[in-house]
Amino acid sequence: MNMSWALVIWLSVGAYAFKMLGFVVVGSRKLPEALSRCLVLIPAALLAALVFNGTFTDTQAISIDERAVGLLVAIVAAWRKLPLIVVVVLAAAVTAILRAV
Amino acid sequence: MKLRIESDVRPVVTSALALSGAVGVFALAFGVLAVGAGASVWQTCALSFFTFTGASQMSAMSVIASGGSVGGALGGALLLAGRNGVYGLALSPYFGESLGKRLLAAHFVIDETTAMMTAQSNPRLQKIAFWTTAIALFSLWNLGTLIGALLGSSIDPYTYGLDVGFSAAYVAMLFPHLRTANGRIAAASGALVSVVLAPFVPIGLPILASGVAIFVGLRPQKVEPTS
């Protein structure tokens, strides 16, 4: 595993820097509208990427396995507006059961 | 010191607490998943305390979980953290001149505090909304993380399908962003890029590369009918 304190520190410093940035460049200037329209799309693009990359790749190969079924369960659960923890538990449980059988 | 809560403040405090409760449960999931990805209990708690922006923390840990490098984990996580900068821009006019207070407030500029603050109708309620949400949410986020991390230390992530837990959490977080056409196009393109690039670039990079999908926002908002 590549987990390290360096990641914790850099991510914390970076995240705080971004939070500060808005407070520092403040008020007087406004972001160009086209840029704002792009920035609000960051979560949509990245979360979708995390979902699909996390489900359909295994290290660096494309693969379809039990995780795809877990994802399907998560999508249905989230679409039915179930609470986040329920979505997580259902998806993990289905995947775990499929792996066990 | 007044103990009685004024009537217009009550709904603000109630929703701040409800929101924080929900986020605390999410923190529980983060704690379990982060430890499953190889972080120690301390590292997991430090992320929640110092980074304090859920999607970035999750993103970094899922790249690590799939074997990515620290650099690969940082890229996507920081891009996600970038949106807090935009929130700061929006919230900045509501805060006074005091630099110390601004430096402190900045740490709490995230999705939930921004949503709570901008939903209020006057400066007094805005201030109350921001700080109530900030304090309650920060407390429960860190408490939830600790409990989750301790729980997570005693189970095997693969056996319990926890790797899919990450994706499931993202799915739930993604849904609200799919309400606009741009959001749906950005999500679809981001997803495509992240899978297609996977075999060719280091782990973690496809997530960062999917950021190109945000340029969907450049297309004109209203499309002229073409003859």
# chains A, B, ... in the order shown; residues from 1 in each chain; ligands from 1
>>> interface_residues(of="chain A", to="chain B", cutoff="6 Å", atoms="only C-alpha atoms", output="ChimeraX atom specification")
/A:2-3,7-8,12,15,18-23,26,34,37-38,41-42,44-45,47-49,51-53,60-61,74,78,84,88,92,95-96
>>> atom_distance(atom1="atom CA of A:Val94", atom2="atom CA of B:Leu150")
23.3 Å
>>> atom_distance(atom1="atom CA of B:Thr145", atom2="atom CA of A:Asp65")
29.4 Å
>>> select_by_dssp(residues="stretch 4-226 of chain B", states="alpha helix (DSSP H)", output="PyMOL selection string")
chain B and resi 10-36+41-46+54-65+70-91+99-106+111-118+123-152+162-174+181-196+205-209
>>> write_last_selection(atoms="C-alpha atoms", output="tab-separated table (two decimals), in the first residue's frame")
chain	number	residue	atom	x	y	z
B	10	ARG	CA	-34.57	27.24	15.60
B	11	PRO	CA	-35.16	25.87	12.05
B	12	VAL	CA	-31.59	26.85	11.13
B	13	VAL	CA	-30.13	24.99	14.09
B	14	THR	CA	-32.40	22.00	13.53
B	15	SER	CA	-31.39	21.60	9.90
B	16	ALA	CA	-27.72	22.14	10.76
B	17	LEU	CA	-27.93	19.31	13.30
B	18	ALA	CA	-29.85	16.98	10.98
B	19	LEU	CA	-27.37	17.62	8.19
B	20	SER	CA	-24.43	17.05	10.52
B	21	GLY	CA	-25.94	13.80	11.76
B	22	ALA	CA	-26.19	12.50	8.21
B	23	VAL	CA	-22.65	13.61	7.48
B	24	GLY	CA	-21.47	11.88	10.66
B	25	VAL	CA	-22.80	8.60	9.32
B	26	PHE	CA	-20.98	9.23	6.07
B	27	ALA	CA	-17.83	9.82	8.13
B	28	LEU	CA	-18.34	6.39	9.63
B	29	ALA	CA	-18.24	4.94	6.11
B	30	PHE	CA	-15.15	7.02	5.29
B	31	GLY	CA	-13.38	5.74	8.41
B	32	VAL	CA	-14.05	2.10	7.55
B	33	LEU	CA	-13.08	2.55	3.89
B	34	ALA	CA	-9.90	4.53	4.58
B	35	VAL	CA	-8.56	1.97	7.02
B	36	GLY	CA	-9.51	-0.74	4.53
B	41	VAL	CA	-6.40	5.04	12.38
B	42	TRP	CA	-4.32	8.18	13.03
B	43	GLN	CA	-3.86	8.96	9.33
B	44	THR	CA	-7.58	8.53	8.76
B	45	CYS	CA	-8.44	10.86	11.64
B	46	ALA	CA	-5.84	13.41	10.55
B	54	GLY	CA	-15.24	14.58	2.28
B	55	ALA	CA	-15.17	13.96	-1.46
B	56	SER	CA	-11.44	14.74	-1.68
B	57	GLN	CA	-10.64	12.47	1.25
B	58	MET	CA	-12.64	9.64	-0.30
B	59	SER	CA	-11.12	10.17	-3.72
B	60	ALA	CA	-7.56	10.10	-2.40
B	61	MET	CA	-8.20	6.93	-0.41
B	62	SER	CA	-9.84	5.08	-3.28
B	63	VAL	CA	-6.86	5.76	-5.55
B	64	ILE	CA	-4.59	4.45	-2.79
B	65	ALA	CA	-6.91	1.45	-2.34
B	70	VAL	CA	0.57	9.46	-3.61
B	71	GLY	CA	0.83	11.79	-6.62
B	72	GLY	CA	-1.97	10.00	-8.40
B	73	ALA	CA	-4.14	10.20	-5.30
B	74	LEU	CA	-3.44	13.90	-4.86
B	75	GLY	CA	-4.37	14.98	-8.40
B	76	GLY	CA	-8.04	14.13	-8.40
B	77	ALA	CA	-8.47	14.89	-4.71
B	78	LEU	CA	-7.08	18.41	-5.12
B	79	LEU	CA	-9.18	19.05	-8.20
B	80	LEU	CA	-12.23	18.14	-6.11
B	81	ALA	CA	-10.98	20.39	-3.32
B	82	GLY	CA	-10.77	23.21	-5.86
B	83	ARG	CA	-14.49	23.73	-5.75
B	84	ASN	CA	-14.24	24.93	-2.15
B	85	GLY	CA	-12.28	27.85	-3.56
B	86	VAL	CA	-15.32	28.76	-5.62
B	87	TYR	CA	-17.49	28.53	-2.51
B	88	GLY	CA	-15.08	30.80	-0.66
B	89	LEU	CA	-15.52	33.33	-3.43
B	90	ALA	CA	-19.28	33.20	-3.00
B	91	LEU	CA	-19.19	33.38	0.81
B	99	LEU	CA	-8.17	38.24	8.85
B	100	GLY	CA	-7.92	35.87	11.81
B	101	LYS	CA	-11.60	35.06	11.64
B	102	ARG	CA	-11.38	34.58	7.88
B	103	LEU	CA	-8.44	32.22	8.21
B	104	LEU	CA	-10.42	30.17	10.72
B	105	ALA	CA	-13.67	30.29	8.74
B	106	ALA	CA	-11.87	29.16	5.58
B	111	ASP	CA	-20.53	21.97	0.38
B	112	GLU	CA	-22.76	21.86	3.46
B	113	THR	CA	-21.79	25.13	5.15
B	114	THR	CA	-22.07	26.96	1.81
B	115	ALA	CA	-25.50	25.47	1.16
B	116	MET	CA	-26.73	26.29	4.67
B	117	MET	CA	-25.38	29.83	4.65
B	118	THR	CA	-26.62	30.83	1.22
B	123	PRO	CA	-26.81	38.39	7.59
B	124	ARG	CA	-27.58	37.42	11.20
B	125	LEU	CA	-29.09	34.06	10.22
B	126	GLN	CA	-26.36	33.51	7.64
B	127	LYS	CA	-23.72	33.87	10.30
B	128	ILE	CA	-25.59	31.55	12.68
B	129	ALA	CA	-26.15	29.01	9.90
B	130	PHE	CA	-22.50	28.98	8.91
B	131	TRP	CA	-21.05	28.58	12.39
B	132	THR	CA	-23.67	26.16	13.72
B	133	THR	CA	-23.20	23.92	10.70
B	134	ALA	CA	-19.42	24.29	10.85
B	135	ILE	CA	-19.15	23.32	14.52
B	136	ALA	CA	-21.73	20.51	14.53
B	137	LEU	CA	-20.53	19.05	11.26
B	138	PHE	CA	-16.85	19.22	12.09
B	139	SER	CA	-17.46	17.51	15.45
B	140	LEU	CA	-19.58	14.69	14.03
B	141	TRP	CA	-17.38	14.26	10.95
B	142	ASN	CA	-14.36	13.64	13.15
B	143	LEU	CA	-16.21	11.50	15.67
B	144	GLY	CA	-17.74	9.39	12.88
B	145	THR	CA	-14.32	8.98	11.26
B	146	LEU	CA	-12.75	7.77	14.49
B	147	ILE	CA	-15.48	5.21	15.16
B	148	GLY	CA	-15.40	4.05	11.54
B	149	ALA	CA	-11.61	3.73	11.55
B	150	LEU	CA	-11.68	1.66	14.74
B	151	LEU	CA	-14.43	-0.57	13.33
B	152	GLY	CA	-12.63	-0.86	10.00
B	162	LEU	CA	-15.90	-2.37	1.00
B	163	ASP	CA	-14.06	-1.47	-2.19
B	164	VAL	CA	-17.48	-1.20	-3.81
B	165	GLY	CA	-18.56	0.88	-0.80
B	166	PHE	CA	-16.41	3.72	-2.18
B	167	SER	CA	-18.15	3.66	-5.55
B	168	ALA	CA	-21.55	3.39	-3.86
B	169	ALA	CA	-20.84	6.49	-1.79
B	170	TYR	CA	-19.82	8.40	-4.92
B	171	VAL	CA	-22.98	7.31	-6.71
B	172	ALA	CA	-25.08	8.78	-3.90
B	173	MET	CA	-23.02	11.98	-4.00
B	174	LEU	CA	-23.23	12.13	-7.80
B	181	ALA	CA	-27.85	18.61	-18.92
B	182	ASN	CA	-24.27	19.85	-18.47
B	183	GLY	CA	-23.94	17.77	-15.31
B	184	ARG	CA	-25.07	14.63	-17.12
B	185	ILE	CA	-22.75	15.21	-20.07
B	186	ALA	CA	-19.80	15.98	-17.79
B	187	ALA	CA	-20.50	12.83	-15.75
B	188	ALA	CA	-20.82	10.61	-18.82
B	189	SER	CA	-17.64	12.01	-20.40
B	190	GLY	CA	-15.71	11.82	-17.13
B	191	ALA	CA	-16.76	8.20	-16.68
B	192	LEU	CA	-15.74	7.31	-20.24
B	193	VAL	CA	-12.33	9.00	-20.00
B	194	SER	CA	-11.59	7.32	-16.66
B	195	VAL	CA	-12.13	3.80	-18.00
B	196	VAL	CA	-10.69	4.22	-21.51
B	205	LEU	CA	-4.26	9.73	-13.51
B	206	PRO	CA	-7.48	8.72	-15.32
B	207	ILE	CA	-9.42	10.37	-12.47
B	208	LEU	CA	-7.50	13.61	-12.90
B	209	ALA	CA	-7.78	13.41	-16.70
